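Take a look at the structure below.
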Amino acid sequence: MSAHRTTLRRAGTVAALATAGVLAAAGVASAHVTVHPESYAKGATDGVLTFRVPNEEDKASTTKVQVYLPTDHPVLGVLVTPQNGWTAKVTTSKLKTPVKTDDGTITDAVSEITWTGGKIGAGQYEDFNVAFGQLPDDTDQLAFKTLQTYSDGDVVRWIEQTTAGDDEPENPAPVLKLTAKESEDGDETPAASASTADTATKTTSASGSSSSSDSTARGLGIAGLIVGVLGLAAGAFAIVRSRAPRS
């Protein structure tokens, strides 16, 4: 019996260690550079993107962060929020395809933001806020490739992009999803509005049909009553007439 208990204890210990290992691995895998919020509507204006940078090293600090903004689908009107202890350098580039806006044609856009001078220690993270004037409306997502430099010279390249159906890469780039635009009248999309209109039309038609059916039923009921009354009257008249000769 004691040997059986010992075996069970050992099995339980191994299972616990395996579970702890899996959880630890999941924690490390999830500690990558991310962008928040995870999504915005296409063409959104006057918003803020937050790049969260965690420190994954136990014996080194993060001393430099470089975020690259796409220029094929540029983010317009980029402004950097001052960060205590950090100095931001903003680099702009010429666009291959200028962007036409209500305020004119844009030929340059921010392509890189580099933060230096600060420090992110072990077990810590830093949020870097970037304001924008307008997001593109001709793509479903934006990937912000990021380089993270440590005090020991190590550089982690968060530049890999996820392909649909594949597992998440080891060093994924922060990705912002762009969702369908909201309608001008409110939160409903045109498809939703059309669906609502169809539903209303169907409801109205159903109500009209129901009203028509009720009217028909009522007409038939009244006609039935009239026929019944006439039948009773005819019967009474026949009885009276048959009795008259006898009297």
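Identifiers in this document derive from the order of the structure tokens: chains are assigned A, B, ..., residues are numbered from 1 separately in each chain, and ligands are numbered from 1 in order of occurrence.
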*Just the residues within 9 Å of Asn55 of chain A, please, counting only C-alpha atoms, with nothing from its chain fewer than 6 positions along; format it as JSON, numbers by chain.*
{"A": [31, 32, 61, 62, 120, 121, 122, 123, 124, 125, 126, 150]}
_Residues flagged strand (DSSP E) by DSSP in segment 99-173 of chain A, as a ChimeraX atom specification_ = /A:99-101,104-120,125-134,141-143,146-150,155-158
*asked:* Give me, as a list in words, the residues of segment 4-154 of chain A that a backbone DSSP run labels alpha helix (DSSP H).
replied: His4, Arg5, Thr6, Thr7, Leu8, Arg9, Arg10, Ala11, Gly12, Thr13, Val14, Ala15, Ala16, Leu17, Ala18, Thr19, Ala20, Gly21, Val22, Leu23, Ala24, Ala25, Ala26, Gly27, Val28, Ala29 and Ser30 of chain A
*Rounded to one decimal place, report the atom CA of Val90 of chain A-atom CA of Gly117 of chain A distance in Å.*
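Result for atom CA of Val90 of chain A versus atom CA of Gly117 of chain A: 14.7 Å, one decimal.
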*asked:* So that I can check the surroundings of Thr50 of chain A, please list as a list in words every protein, DNA and RNA residue that reaches within 12 Å of it, counting only C-alpha atoms and ignoring chain neighbours fewer than 5 positions away.
replied: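 So the residues in contact are Val33, Thr34, Val35, His36, Pro37, Glu38, Ser39, Val67, Val80, Thr81, Glu126, Asp127, Phe128, Asn129, Val130, Ala131, Phe132, Phe144, Pro174, Val175 and Leu176 of chain A.
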Just N, CA, C and O atoms for this one: save the residues we selected as a tab-separated table (two decimals), in the first residue's frame.
chain	number	residue	atom	x	y	z
A	33	VAL	N	6.23	42.84	-27.07
A	33	VAL	CA	5.78	44.21	-27.30
A	33	VAL	C	4.40	44.17	-27.95
A	33	VAL	O	4.17	43.46	-28.92
A	34	THR	N	3.47	44.97	-27.43
A	34	THR	CA	2.10	44.99	-27.95
A	34	THR	C	1.63	46.43	-28.15
A	34	THR	O	2.22	47.37	-27.60
A	35	VAL	N	0.57	46.59	-28.92
A	35	VAL	CA	-0.03	47.90	-29.14
A	35	VAL	C	-1.45	47.87	-28.61
A	35	VAL	O	-2.17	46.88	-28.76
A	36	HIS	N	-1.86	48.96	-27.97
A	36	HIS	CA	-3.20	49.06	-27.37
A	36	HIS	C	-3.85	50.38	-27.78
A	36	HIS	O	-3.17	51.40	-27.86
A	37	PRO	N	-5.17	50.36	-28.04
A	37	PRO	CA	-6.05	49.19	-28.04
A	37	PRO	C	-5.69	48.24	-29.17
A	37	PRO	O	-4.87	48.59	-30.04
A	38	GLU	N	-6.31	47.06	-29.19
A	38	GLU	CA	-5.98	46.08	-30.21
A	38	GLU	C	-6.60	46.40	-31.56
A	38	GLU	O	-6.16	45.87	-32.57
A	39	SER	N	-7.61	47.28	-31.57
A	39	SER	CA	-8.27	47.60	-32.84
A	39	SER	C	-8.82	49.02	-32.83
A	39	SER	O	-9.09	49.60	-31.77
A	67	VAL	N	10.25	52.01	-32.81
A	67	VAL	CA	8.99	51.57	-33.41
A	67	VAL	C	8.93	52.11	-34.84
A	67	VAL	O	9.09	53.31	-35.07
A	80	VAL	N	4.14	62.62	-30.44
A	80	VAL	CA	4.66	61.76	-29.37
A	80	VAL	C	4.42	62.42	-28.02
A	80	VAL	O	4.73	63.60	-27.83
A	81	THR	N	3.90	61.64	-27.07
A	81	THR	CA	3.68	62.14	-25.72
A	81	THR	C	5.00	62.14	-24.95
A	81	THR	O	5.73	61.14	-24.98
A	126	GLU	N	7.08	49.52	-19.76
A	126	GLU	CA	6.87	50.95	-19.99
A	126	GLU	C	5.85	51.12	-21.11
A	126	GLU	O	5.85	50.37	-22.09
A	127	ASP	N	4.95	52.10	-20.95
A	127	ASP	CA	3.97	52.44	-21.98
A	127	ASP	C	4.42	53.71	-22.71
A	127	ASP	O	4.68	54.74	-22.07
A	128	PHE	N	4.51	53.62	-24.02
A	128	PHE	CA	4.87	54.77	-24.85
A	128	PHE	C	3.65	55.18	-25.67
A	128	PHE	O	3.16	54.39	-26.50
A	129	ASN	N	3.15	56.39	-25.43
A	129	ASN	CA	1.93	56.86	-26.08
A	129	ASN	C	2.23	57.70	-27.33
A	129	ASN	O	3.09	58.58	-27.30
A	130	VAL	N	1.47	57.39	-28.38
A	130	VAL	CA	1.62	58.11	-29.65
A	130	VAL	C	0.22	58.53	-30.13
A	130	VAL	O	-0.66	57.68	-30.30
A	131	ALA	N	0.03	59.83	-30.31
A	131	ALA	CA	-1.25	60.33	-30.81
A	131	ALA	C	-1.22	60.36	-32.33
A	131	ALA	O	-0.17	60.54	-32.94
A	132	PHE	N	-2.38	60.18	-32.94
A	132	PHE	CA	-2.45	60.24	-34.40
A	132	PHE	C	-3.63	61.10	-34.83
A	132	PHE	O	-4.62	61.26	-34.09
A	144	PHE	N	3.49	47.19	-36.63
A	144	PHE	CA	4.50	48.14	-36.19
A	144	PHE	C	5.75	47.36	-35.75
A	144	PHE	O	5.86	46.94	-34.59
A	174	PRO	N	3.98	44.08	-33.12
A	174	PRO	CA	2.68	44.57	-32.63
A	174	PRO	C	1.76	44.84	-33.82
A	174	PRO	O	2.18	45.46	-34.80
A	175	VAL	N	0.53	44.37	-33.74
A	175	VAL	CA	-0.41	44.52	-34.85
A	175	VAL	C	-1.69	45.21	-34.37
A	175	VAL	O	-2.27	44.83	-33.35
A	176	LEU	N	-2.09	46.22	-35.11
A	176	LEU	CA	-3.35	46.92	-34.85
A	176	LEU	C	-4.36	46.52	-35.91
A	176	LEU	O	-4.13	46.70	-37.10
